[in-house]
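Undergrad: I'm passing along data23.cif; it holds mmCIF, C-alpha atoms.
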```cif
data_coords
loop_
_atom_site.label_atom_id
_atom_site.label_comp_id
_atom_site.auth_asym_id
_atom_site.auth_seq_id
_atom_site.Cartn_x
_atom_site.Cartn_y
_atom_site.Cartn_z
CA MET D 1 -11.89 12.73 12.25
CA SER D 2 -11.32 16.27 13.42
CA THR D 3 -9.55 18.87 11.29
CA GLY D 4 -5.83 18.57 10.74
CA ARG D 5 -5.02 21.51 13.05
CA TYR D 6 -2.69 20.73 15.97
CA GLN D 7 -0.40 22.47 18.45
CA GLN D 8 2.66 20.30 18.02
CA ARG D 9 3.84 17.83 15.43
CA PRO D 10 6.17 14.81 15.59
CA GLN D 11 9.85 15.46 15.04
CA GLY D 12 10.79 14.96 11.41
CA SER D 13 7.21 14.98 10.18
CA THR D 14 5.73 16.88 7.24
CA TRP D 15 2.60 17.93 9.12
CA GLY D 16 1.50 21.34 7.88
CA ASP D 17 3.96 21.44 4.99
CA PHE D 18 1.07 21.13 2.54
CA GLY D 19 -1.51 22.91 4.69
CA ASP D 20 -3.29 22.32 7.99
CA ASP D 21 -6.02 20.22 6.39
CA ASP D 22 -3.86 18.34 3.90
CA GLN D 23 -4.94 14.77 3.13
CA LEU D 24 -2.32 13.77 0.53
CA GLY D 25 1.07 14.17 2.21
CA ARG D 26 3.93 13.74 -0.21
CA VAL D 27 1.56 12.49 -2.87
CA ASN D 28 1.26 16.26 -3.46
CA LEU D 29 4.70 15.94 -5.07
CA ILE D 30 3.15 13.93 -7.91
CA THR D 31 2.63 17.10 -9.95
CA ARG D 32 1.93 17.60 -13.64
CA GLN D 33 5.68 17.88 -14.15
CA LYS D 34 6.23 14.56 -12.37
CA VAL D 35 3.64 12.89 -14.60
CA LEU D 36 5.44 14.27 -17.65
CA GLN D 37 8.72 12.90 -16.29
CA GLY D 38 7.06 9.50 -16.04
CA VAL D 39 5.72 9.73 -19.58
CA ALA D 40 9.19 10.71 -20.82
CA GLU D 41 10.49 7.34 -19.55
CA VAL D 42 8.34 5.45 -22.07
CA LYS D 43 10.76 4.21 -24.74
CA THR D 44 9.62 0.76 -25.90
CA GLY D 45 5.89 0.73 -25.20
CA GLN D 46 6.19 -2.43 -23.08
CA SER D 47 3.70 -2.68 -20.23
CA PHE D 48 3.81 -4.87 -17.14
CA CYS D 49 1.03 -5.73 -14.72
CA LEU D 50 2.42 -5.34 -11.20
CA SER D 51 -0.50 -7.02 -9.43
CA LEU D 52 -0.74 -10.59 -8.26
CA PRO D 53 -4.00 -12.38 -8.93
CA LEU D 54 -6.07 -11.13 -5.99
CA ASN D 55 -6.59 -14.69 -4.68
CA LEU D 56 -2.87 -14.89 -3.90
CA PRO D 57 -0.96 -15.40 -1.65
CA GLY D 58 -3.61 -17.99 -0.68
CA GLY D 59 -4.94 -18.91 2.75
CA ASN D 60 -4.20 -16.59 5.65
CA VAL D 61 -0.55 -17.42 6.35
CA LEU D 62 0.75 -13.87 5.88
CA ASN D 63 -1.95 -12.32 8.04
CA PRO D 64 -4.43 -14.40 10.07
CA ARG D 65 -7.07 -11.64 9.79
CA ARG D 66 -7.09 -11.47 5.99
CA PHE D 67 -8.55 -14.01 3.60
CA PRO D 68 -8.86 -14.54 -0.17
CA PRO D 69 -11.76 -12.89 -2.02
CA GLN D 70 -15.07 -14.73 -1.92
CA LEU D 71 -17.00 -14.50 -5.19
CA SER D 72 -20.68 -15.37 -5.41
CA PRO D 73 -23.63 -14.62 -7.72
CA THR D 74 -26.06 -11.82 -7.12
CA ILE D 75 -29.69 -12.82 -6.63
CA ARG D 76 -32.33 -12.22 -9.32
CA GLN D 77 -35.98 -13.03 -8.81
CA GLY D 78 -34.98 -15.21 -5.86
CA ALA D 79 -32.48 -17.25 -7.90
CA PRO D 80 -28.71 -17.01 -8.39
CA ASN D 81 -28.02 -14.58 -11.23
CA TRP D 82 -25.66 -17.04 -12.88
CA ILE D 83 -26.17 -18.53 -16.33
CA TYR D 84 -29.51 -16.83 -15.89
CA GLU D 85 -31.84 -17.19 -18.86
CA VAL D 86 -33.69 -13.90 -19.16
CA ARG D 87 -36.60 -15.68 -20.87
CA ARG D 88 -37.63 -16.57 -17.31
CA ASP D 89 -38.69 -12.92 -17.02
CA VAL D 90 -39.15 -11.75 -20.61
CA ASP D 91 -40.92 -13.88 -23.20
CA GLN D 92 -38.55 -15.25 -25.88
CA ALA D 93 -35.57 -13.26 -24.63
CA THR D 94 -32.29 -14.89 -25.68
CA ASP D 95 -29.99 -13.25 -23.12
CA VAL D 96 -28.02 -15.39 -20.68
CA VAL D 97 -26.54 -13.37 -17.81
CA ASN D 98 -23.84 -13.78 -15.16
CA ASP D 99 -23.60 -11.17 -12.40
CA ASP D 100 -21.47 -11.50 -9.28
CA LYS D 101 -20.41 -9.87 -6.04
CA VAL D 102 -17.31 -10.19 -3.88
CA LEU D 103 -16.40 -10.17 -0.22
CA LEU D 104 -12.99 -8.57 -0.33
CA TRP D 105 -10.31 -8.09 2.32
CA LEU D 106 -8.85 -4.87 0.97
CA GLN D 107 -5.24 -5.51 2.02
CA TYR D 108 -5.06 -9.22 1.27
CA SER D 109 -2.98 -9.13 -1.91
CA THR D 110 -1.33 -6.38 -4.01
CA GLN D 111 -2.37 -3.24 -2.13
CA TRP D 112 -1.98 0.35 -1.06
CA ASP D 113 -1.86 1.41 2.59
CA SER D 114 -3.46 4.81 3.16
CA PHE D 115 -2.50 7.20 5.96
CA ALA D 116 -5.57 6.00 7.87
CA HIS D 117 -4.03 2.52 8.13
CA VAL D 118 -1.44 3.31 10.83
CA GLY D 119 -1.32 6.20 13.27
CA SER D 120 0.31 6.63 16.65
CA LEU D 121 -0.30 7.62 20.23
CA PHE D 122 0.87 11.24 20.23
CA ASP D 123 0.14 14.44 22.14
CA ALA D 124 -0.89 16.59 19.18
CA ASN D 125 -2.97 19.10 21.13
CA GLY D 126 -0.33 19.77 23.79
CA ASP D 127 -2.39 18.68 26.82
CA GLY D 128 0.26 16.23 27.98
CA ILE D 129 -1.80 13.15 27.05
CA ALA D 130 -0.86 10.91 24.14
CA GLU D 131 -3.97 9.99 22.14
CA PRO D 132 -4.66 8.16 18.85
CA VAL D 133 -3.61 10.51 16.05
CA PHE D 134 -3.06 10.04 12.33
CA TYR D 135 -1.16 11.93 9.65
CA ASN D 136 -1.32 15.73 9.88
CA GLY D 137 -2.98 15.62 13.28
CA TYR D 138 -6.28 14.06 12.23
CA ARG D 139 -7.95 12.43 15.22
CA PRO D 140 -10.66 9.74 15.37
CA ASP D 141 -14.19 10.71 16.32
CA LYS D 142 -14.47 10.60 20.12
CA SER D 143 -17.86 8.86 19.83
CA PHE D 144 -16.31 5.79 18.22
CA SER D 145 -17.06 2.58 20.13
CA LEU D 146 -15.38 -0.64 19.08
CA THR D 147 -17.86 -2.66 21.14
CA ALA D 148 -20.77 -1.10 19.30
CA VAL D 149 -19.19 -1.81 15.93
CA GLU D 150 -18.56 -5.42 16.88
CA HIS D 151 -22.26 -5.72 17.72
CA SER D 152 -23.27 -4.11 14.41
CA ASP D 153 -24.64 -0.88 15.87
CA ARG D 154 -25.45 1.03 12.68
CA SER D 155 -24.77 4.54 13.99
CA GLN D 156 -21.44 3.50 15.49
CA ALA D 157 -20.51 1.63 12.33
CA THR D 158 -21.06 4.89 10.47
CA ALA D 159 -18.82 6.69 12.97
CA TRP D 160 -16.18 4.01 12.46
CA GLN D 161 -16.28 4.53 8.71
CA SER D 162 -16.19 8.32 8.95
CA ALA D 163 -13.18 8.08 11.29
CA ALA D 164 -11.03 6.98 8.33
CA HIS D 165 -12.72 9.13 5.70
CA ALA D 166 -10.40 12.14 5.92
CA LEU D 167 -7.33 10.03 5.08
CA SER D 168 -8.86 7.20 3.05
CA VAL D 169 -7.55 5.77 -0.21
CA GLU D 170 -10.26 7.75 -1.99
CA HIS D 171 -8.04 10.83 -1.91
CA LEU D 172 -5.10 8.98 -3.47
CA ALA D 173 -7.39 7.70 -6.22
CA LYS D 174 -8.82 11.14 -6.90
CA HIS D 175 -5.38 12.76 -7.10
CA GLY D 176 -4.11 10.03 -9.42
CA MET D 177 -1.22 7.74 -8.49
CA GLN D 178 0.53 8.17 -11.81
CA GLY D 179 4.05 9.44 -12.29
CA ARG D 180 7.64 8.26 -12.43
CA GLY D 181 8.52 4.97 -10.81
CA VAL D 182 12.07 4.03 -9.82
CA LEU D 183 13.13 0.47 -8.99
CA ILE D 184 15.95 -0.79 -6.79
CA ASN D 185 16.77 -4.46 -7.35
CA LEU D 186 17.71 -6.15 -4.07
CA ARG D 187 17.19 -9.74 -5.17
CA ASP D 188 20.02 -9.98 -7.70
CA LYS D 189 22.59 -9.18 -5.03
CA LEU D 190 20.98 -10.59 -1.89
CA GLY D 191 19.13 -13.70 -3.13
CA ASP D 192 16.08 -15.24 -1.46
CA GLY D 193 17.34 -15.47 2.12
CA ARG D 194 16.10 -12.96 4.69
CA THR D 195 18.39 -9.93 4.68
CA VAL D 196 17.52 -6.91 6.80
CA VAL D 197 18.53 -3.95 4.66
CA GLY D 198 19.71 -0.84 6.44
CA PHE D 199 21.01 2.47 5.15
CA ASP D 200 24.57 1.38 4.34
CA LEU D 201 23.57 -1.68 2.32
CA LEU D 202 20.81 0.15 0.47
CA MET D 203 23.17 2.99 -0.48
CA LYS D 204 25.74 0.47 -1.70
CA LEU D 205 23.19 -1.22 -3.97
CA ILE D 206 21.84 2.09 -5.23
CA GLU D 207 25.35 3.16 -6.20
CA GLU D 208 26.15 -0.16 -7.87
CA GLN D 209 22.95 -0.01 -9.93
CA GLY D 210 23.25 3.67 -10.79
CA VAL D 211 19.79 4.42 -9.41
CA ILE D 212 18.82 8.06 -8.93
CA VAL D 213 15.86 8.85 -6.69
CA GLU D 214 14.37 12.34 -6.91
CA ALA D 215 11.56 14.23 -5.19
CA GLY D 216 8.11 12.97 -6.16
CA ASP D 217 9.31 9.58 -7.46
CA MET D 218 7.45 6.44 -6.46
CA LEU D 219 10.18 4.12 -5.17
CA CYS D 220 9.83 0.38 -5.76
CA ILE D 221 11.89 -2.26 -3.93
CA TYR D 222 12.26 -5.64 -5.67
CA THR D 223 13.11 -8.48 -3.28
CA GLY D 224 11.72 -11.54 -5.10
CA PHE D 225 9.14 -12.34 -2.42
CA THR D 226 6.12 -12.38 -4.72
CA ASP D 227 8.06 -14.64 -7.09
CA ARG D 228 7.80 -17.25 -4.37
CA ILE D 229 4.14 -16.44 -3.78
CA VAL D 230 3.48 -17.23 -7.43
CA GLU D 231 5.52 -20.45 -7.20
CA TRP D 232 3.50 -21.58 -4.16
CA ALA D 233 0.33 -21.30 -6.29
CA GLY D 234 -2.04 -20.45 -3.46
CA LYS D 235 -0.44 -22.69 -0.85
CA PRO D 236 2.26 -20.60 0.84
CA ASP D 237 4.80 -22.30 3.07
CA ALA D 238 3.97 -21.16 6.61
CA GLU D 239 7.51 -21.77 7.84
CA LEU D 240 9.21 -19.83 5.05
CA ALA D 241 6.68 -17.08 4.37
CA HIS D 242 7.89 -14.79 7.16
CA ASP D 243 11.60 -15.42 6.71
CA LEU D 244 12.23 -14.96 3.01
CA CYS D 245 13.93 -12.29 0.93
CA ALA D 246 15.15 -8.84 1.82
CA ALA D 247 13.19 -6.32 3.87
CA LEU D 248 13.99 -2.77 4.91
CA ASP D 249 15.22 -2.13 8.45
CA GLY D 250 12.61 0.19 9.91
CA ARG D 251 14.73 0.72 13.04
CA ASP D 252 17.65 2.15 11.11
CA GLU D 253 17.31 5.88 11.80
CA ARG D 254 19.61 6.81 8.93
CA LEU D 255 17.43 4.83 6.52
CA LEU D 256 14.32 6.60 7.80
CA GLN D 257 16.10 9.95 7.47
CA TRP D 258 17.05 9.11 3.88
CA ILE D 259 13.44 8.27 3.02
CA GLY D 260 12.43 11.64 4.40
CA ASP D 261 15.25 13.55 2.70
CA ARG D 262 14.59 11.97 -0.72
CA GLN D 263 11.01 13.28 -0.66
CA ILE D 264 9.62 10.22 -2.40
CA SER D 265 5.87 10.28 -3.00
CA ALA D 266 5.30 6.55 -2.30
CA LEU D 267 7.28 3.54 -1.07
CA ILE D 268 6.45 0.18 -2.65
CA ALA D 269 7.79 -3.36 -2.25
CA ASP D 270 6.94 -6.84 -3.43
CA ASN D 271 7.09 -8.23 0.10
CA TYR D 272 4.68 -8.23 3.03
CA ALA D 273 4.89 -5.03 5.12
CA VAL D 274 7.85 -3.51 3.19
CA GLU D 275 9.86 -3.54 6.42
CA HIS D 276 11.30 -6.41 8.45
CA TYR D 277 9.09 -7.50 11.35
CA ASP D 278 9.82 -10.47 13.57
CA GLY D 279 7.31 -9.76 16.35
CA SER D 280 9.83 -8.13 18.66
CA LYS D 281 9.98 -4.56 19.95
CA PRO D 282 12.66 -2.68 21.91
CA PRO D 283 11.80 -1.71 25.51
CA GLY D 284 9.81 1.44 26.10
CA PRO D 285 7.20 3.31 24.05
CA CYS D 286 7.82 2.83 20.33
CA ALA D 287 6.15 1.44 17.22
CA THR D 288 6.11 -2.24 16.34
CA LEU D 289 6.28 -1.16 12.67
CA PRO D 290 8.54 1.90 12.72
CA LEU D 291 8.76 2.34 8.96
CA HIS D 292 4.96 2.30 8.75
CA GLN D 293 4.81 4.95 11.45
CA HIS D 294 7.50 7.02 9.76
CA CYS D 295 5.89 6.93 6.31
CA LEU D 296 2.16 6.84 7.00
CA PHE D 297 1.99 8.83 10.24
CA LYS D 298 4.88 11.30 9.99
CA LEU D 299 5.70 11.87 6.32
CA GLY D 300 2.46 11.19 4.48
CA VAL D 301 4.05 8.57 2.18
CA PRO D 302 1.66 5.75 1.21
CA LEU D 303 3.00 2.20 1.23
CA GLY D 304 2.48 -0.40 -1.47
CA GLU D 305 2.79 -4.04 -0.42
CA ILE D 306 2.92 -7.44 -2.15
CA TRP D 307 3.36 -5.99 -5.66
CA TYR D 308 4.53 -8.32 -8.41
CA LEU D 309 7.79 -6.80 -9.69
CA HIS D 310 9.67 -9.76 -11.22
CA GLU D 311 9.02 -9.18 -14.93
CA LEU D 312 9.50 -5.43 -14.62
CA ALA D 313 12.79 -5.89 -12.77
CA GLN D 314 14.06 -8.28 -15.44
CA ALA D 315 13.14 -5.92 -18.26
CA LEU D 316 14.73 -2.92 -16.54
CA LYS D 317 17.92 -4.88 -15.94
CA ALA D 318 18.09 -5.99 -19.57
CA GLN D 319 17.68 -2.39 -20.73
CA HIS D 320 20.08 -0.95 -18.11
CA ARG D 321 17.31 1.22 -16.73
CA SER D 322 15.67 1.88 -13.38
CA ARG D 323 12.92 4.38 -14.28
CA PHE D 324 9.49 3.94 -15.85
CA LEU D 325 5.98 5.33 -16.05
CA LEU D 326 3.90 3.99 -13.16
CA THR D 327 0.10 4.12 -13.13
CA ALA D 328 -1.31 2.69 -9.90
CA PRO D 329 -4.63 4.10 -8.64
CA PRO D 330 -6.34 2.46 -5.67
CA LEU D 331 -10.10 1.97 -5.56
CA ARG D 332 -11.98 5.21 -5.11
CA LEU D 333 -13.66 3.82 -2.02
CA PRO D 334 -14.54 6.46 0.60
CA GLY D 335 -13.57 5.47 4.13
CA ALA D 336 -11.29 2.58 3.13
CA VAL D 337 -7.91 2.48 4.88
CA GLY D 338 -6.40 0.19 2.25
CA SER D 339 -7.14 -0.89 -1.29
CA PRO D 340 -6.27 -3.50 -3.89
CA ALA D 341 -4.33 -2.12 -6.83
CA THR D 342 -3.65 -3.21 -10.39
CA PRO D 343 -0.55 -1.14 -11.15
CA ILE D 344 0.82 -0.87 -14.67
CA ALA D 345 4.44 -0.06 -15.43
CA THR D 346 5.24 1.18 -18.93
CA LEU D 347 8.78 1.19 -20.37
#
```
What does the file become when written as structure tokens?
TA:
Amino acid sequence: MSTGRYQQRPQGSTWGDFGDDDQLGRVNLITRQKVLQGVAEVKTGQSFCLSLPLNLPGGNVLNPRRFPPQLSPTIRQGAPNWIYEVRRDVDQATDVVNDDKVLLWLQYSTQWDSFAHVGSLFDANGDGIAEPVFYNGYRPDKSFSLTAVEHSDRSQATAWQSAAHALSVEHLAKHGMQGRGVLINLRDKLGDGRTVVGFDLLMKLIEEQGVIVEAGDMLCIYTGFTDRIVEWAGKPDAELAHDLCAALDGRDERLLQWIGDRQISALIADNYAVEHYDGSKPPGPCATLPLHQHCLFKLGVPLGEIWYLHELAQALKAQHRSRFLLTAPPLRLPGAVGSPATPIATL
């Protein structure tokens, strides 16, 4: 990608707020003080894993382009390195070794979306032509050729990887996604049916639950969706999977404005995509996933999807709390636009 310099920025964006070449967006708000605020929320020492097993949801019902991890042994001396007796190589050695590798779709299960995941067509350089642009005005390498990548051209594959490097999950990992988490419980009030949650309803639930969201907080939305994923045990119901539980209304401008005004550092949900998506789009030029565009492209707010929040939500409710210490680094994988995560919440 080019540098983050640009002549004009989208309305309501944070481009330039943290510098022309910023790669972290509002993750910059996870400061030392914010980490200390998260640590101060630890009262009982309870910890909760917020990741699904990475082979869930199962199949490719949620996204036809993503599949469960494929584990296999590495190869040693021409043989699978699995229950491998080292005495084959070293006389009288007693070691028995297993060593494996994985083919991993990075956004299949519990995940982070980086700013390189979703951009927009936008005239950042002021020439009157809308071109592919990502957060803070970063633009893909002009030499990129999808055809060449599809045909495994090595040089073009390198260009493809470098195109995402400036905004990859590596930078989130290096900064450290650790600070104060805040949870809003939608499931208790709304149940398991699909409810599209706009500004008014979200504010009502926040007030009822006494939730306070402050700058730099990582905001978690509990809908109950991954509860059903766990119940399906790797065989999700294709008819129900896209029409269950609450989801934020990405076309509610007041909701988007609130997300911007609250200055959250990350937006996380236990559902697929965080926002409601039914395949439709209003007439004219606009995003199919407006909340993704608002957060990833305009604000620099990473999205967490398909997190497992059930046990945490129950514990917070029992303790009349909504805040906790959240530790949730992605893989430090240069060039990756998304990453699995194994978040830990500590109460």
Undergrad: Taking 6 positions as the minimum chain separation for residues in the same chain, which residues sit within 8 Å of segment 281-289 of chain D when counting only C-alpha atoms? Answer as a list in words.
TA: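 Residues meeting the cut-off are Ser120, Gly250 and Glu275 of chain D.
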Undergrad: Apply the PyMOL selection byres ((chain D and resi 12-15) around 6) to the file shown and report the selected residues as a ChimeraX atom specification.
TA: /D:10-11,16-17,136,298-299
Undergrad: Quick one: everything within 12 Å of Ala246 of chain D, counting only C-alpha atoms, minus sequence neighbours fewer than 2 positions away in the same chain. Send it as a VMD selection string.
TA: chain D and resid 184 to 198 201 to 202 221 to 226 242 to 244 248 to 249 269 to 277
Undergrad: Just write the chosen residues, C-alpha atoms, as a PDB file, in the coordinates of the input.
TA:
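Produced file part.pdb, reproduced below:
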```pdb
ATOM      1  CA  ILE D 184      15.950  -0.790  -6.790  1.00  0.00           C
ATOM      2  CA  ASN D 185      16.770  -4.460  -7.350  1.00  0.00           C
ATOM      3  CA  LEU D 186      17.710  -6.150  -4.070  1.00  0.00           C
ATOM      4  CA  ARG D 187      17.190  -9.740  -5.170  1.00  0.00           C
ATOM      5  CA  ASP D 188      20.020  -9.980  -7.700  1.00  0.00           C
ATOM      6  CA  LYS D 189      22.590  -9.180  -5.030  1.00  0.00           C
ATOM      7  CA  LEU D 190      20.980 -10.590  -1.890  1.00  0.00           C
ATOM      8  CA  GLY D 191      19.130 -13.700  -3.130  1.00  0.00           C
ATOM      9  CA  ASP D 192      16.080 -15.240  -1.460  1.00  0.00           C
ATOM     10  CA  GLY D 193      17.340 -15.470   2.120  1.00  0.00           C
ATOM     11  CA  ARG D 194      16.100 -12.960   4.690  1.00  0.00           C
ATOM     12  CA  THR D 195      18.390  -9.930   4.680  1.00  0.00           C
ATOM     13  CA  VAL D 196      17.520  -6.910   6.800  1.00  0.00           C
ATOM     14  CA  VAL D 197      18.530  -3.950   4.660  1.00  0.00           C
ATOM     15  CA  GLY D 198      19.710  -0.840   6.440  1.00  0.00           C
ATOM     16  CA  LEU D 201      23.570  -1.680   2.320  1.00  0.00           C
ATOM     17  CA  LEU D 202      20.810   0.150   0.470  1.00  0.00           C
ATOM     18  CA  ILE D 221      11.890  -2.260  -3.930  1.00  0.00           C
ATOM     19  CA  TYR D 222      12.260  -5.640  -5.670  1.00  0.00           C
ATOM     20  CA  THR D 223      13.110  -8.480  -3.280  1.00  0.00           C
ATOM     21  CA  GLY D 224      11.720 -11.540  -5.100  1.00  0.00           C
ATOM     22  CA  PHE D 225       9.140 -12.340  -2.420  1.00  0.00           C
ATOM     23  CA  THR D 226       6.120 -12.380  -4.720  1.00  0.00           C
ATOM     24  CA  HIS D 242       7.890 -14.790   7.160  1.00  0.00           C
ATOM     25  CA  ASP D 243      11.600 -15.420   6.710  1.00  0.00           C
ATOM     26  CA  LEU D 244      12.230 -14.960   3.010  1.00  0.00           C
ATOM     27  CA  LEU D 248      13.990  -2.770   4.910  1.00  0.00           C
ATOM     28  CA  ASP D 249      15.220  -2.130   8.450  1.00  0.00           C
ATOM     29  CA  ALA D 269       7.790  -3.360  -2.250  1.00  0.00           C
ATOM     30  CA  ASP D 270       6.940  -6.840  -3.430  1.00  0.00           C
ATOM     31  CA  ASN D 271       7.090  -8.230   0.100  1.00  0.00           C
ATOM     32  CA  TYR D 272       4.680  -8.230   3.030  1.00  0.00           C
ATOM     33  CA  ALA D 273       4.890  -5.030   5.120  1.00  0.00           C
ATOM     34  CA  VAL D 274       7.850  -3.510   3.190  1.00  0.00           C
ATOM     35  CA  GLU D 275       9.860  -3.540   6.420  1.00  0.00           C
ATOM     36  CA  HIS D 276      11.300  -6.410   8.450  1.00  0.00           C
ATOM     37  CA  TYR D 277       9.090  -7.500  11.350  1.00  0.00           C
TER      38      TYR D 277
END
```
Undergrad: D:Val61, D:Ala318, D:Ala166, D:Ala345: which is nearest Gln23 of chain D, counting all atoms listed in the file?
TA: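 With all atoms listed in the file as the atom set, the closest residue is D:Ala166.
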Undergrad: Which distance in Å separates atom CA of Arg262 of chain D and atom CA of Arg26 of chain D, to one decimal?
TA: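 Straight-line distance from atom CA of Arg262 of chain D to atom CA of Arg26 of chain D works out to 10.8 Å.
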Undergrad: Could you work out how far atom CA of Gln92 of chain D lies from atom CA of Ile75 of chain D, giving the answer in Å with one decimal?
TA: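 These atoms are spaced 21.3 Å apart.
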Undergrad: Neighbouring residues of segment 47-54 of chain D were defined as those with any atom within 8 Å, considering only C-alpha atoms; residues of the same chain fewer than 3 positions away were excluded. Please report them as a compact mmCIF listing (two decimals) with C-alpha atoms, keeping the file's coordinate frame.
TA:
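Output below, filename part.txt:
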```
# COMPACT_ATOMS: atom_id res chain seq x y z
CA PRO D 57 -0.96 -15.40 -1.65
CA PRO D 68 -8.86 -14.54 -0.17
CA PRO D 69 -11.76 -12.89 -2.02
CA TYR D 108 -5.06 -9.22 1.27
CA SER D 109 -2.98 -9.13 -1.91
CA THR D 110 -1.33 -6.38 -4.01
CA THR D 226 6.12 -12.38 -4.72
CA VAL D 230 3.48 -17.23 -7.43
CA ILE D 306 2.92 -7.44 -2.15
CA TRP D 307 3.36 -5.99 -5.66
CA TYR D 308 4.53 -8.32 -8.41
CA LEU D 309 7.79 -6.80 -9.69
CA GLU D 311 9.02 -9.18 -14.93
CA LEU D 312 9.50 -5.43 -14.62
CA PRO D 340 -6.27 -3.50 -3.89
CA ALA D 341 -4.33 -2.12 -6.83
CA THR D 342 -3.65 -3.21 -10.39
CA PRO D 343 -0.55 -1.14 -11.15
CA ILE D 344 0.82 -0.87 -14.67
CA ALA D 345 4.44 -0.06 -15.43
CA THR D 346 5.24 1.18 -18.93
CA LEU D 347 8.78 1.19 -20.37
```
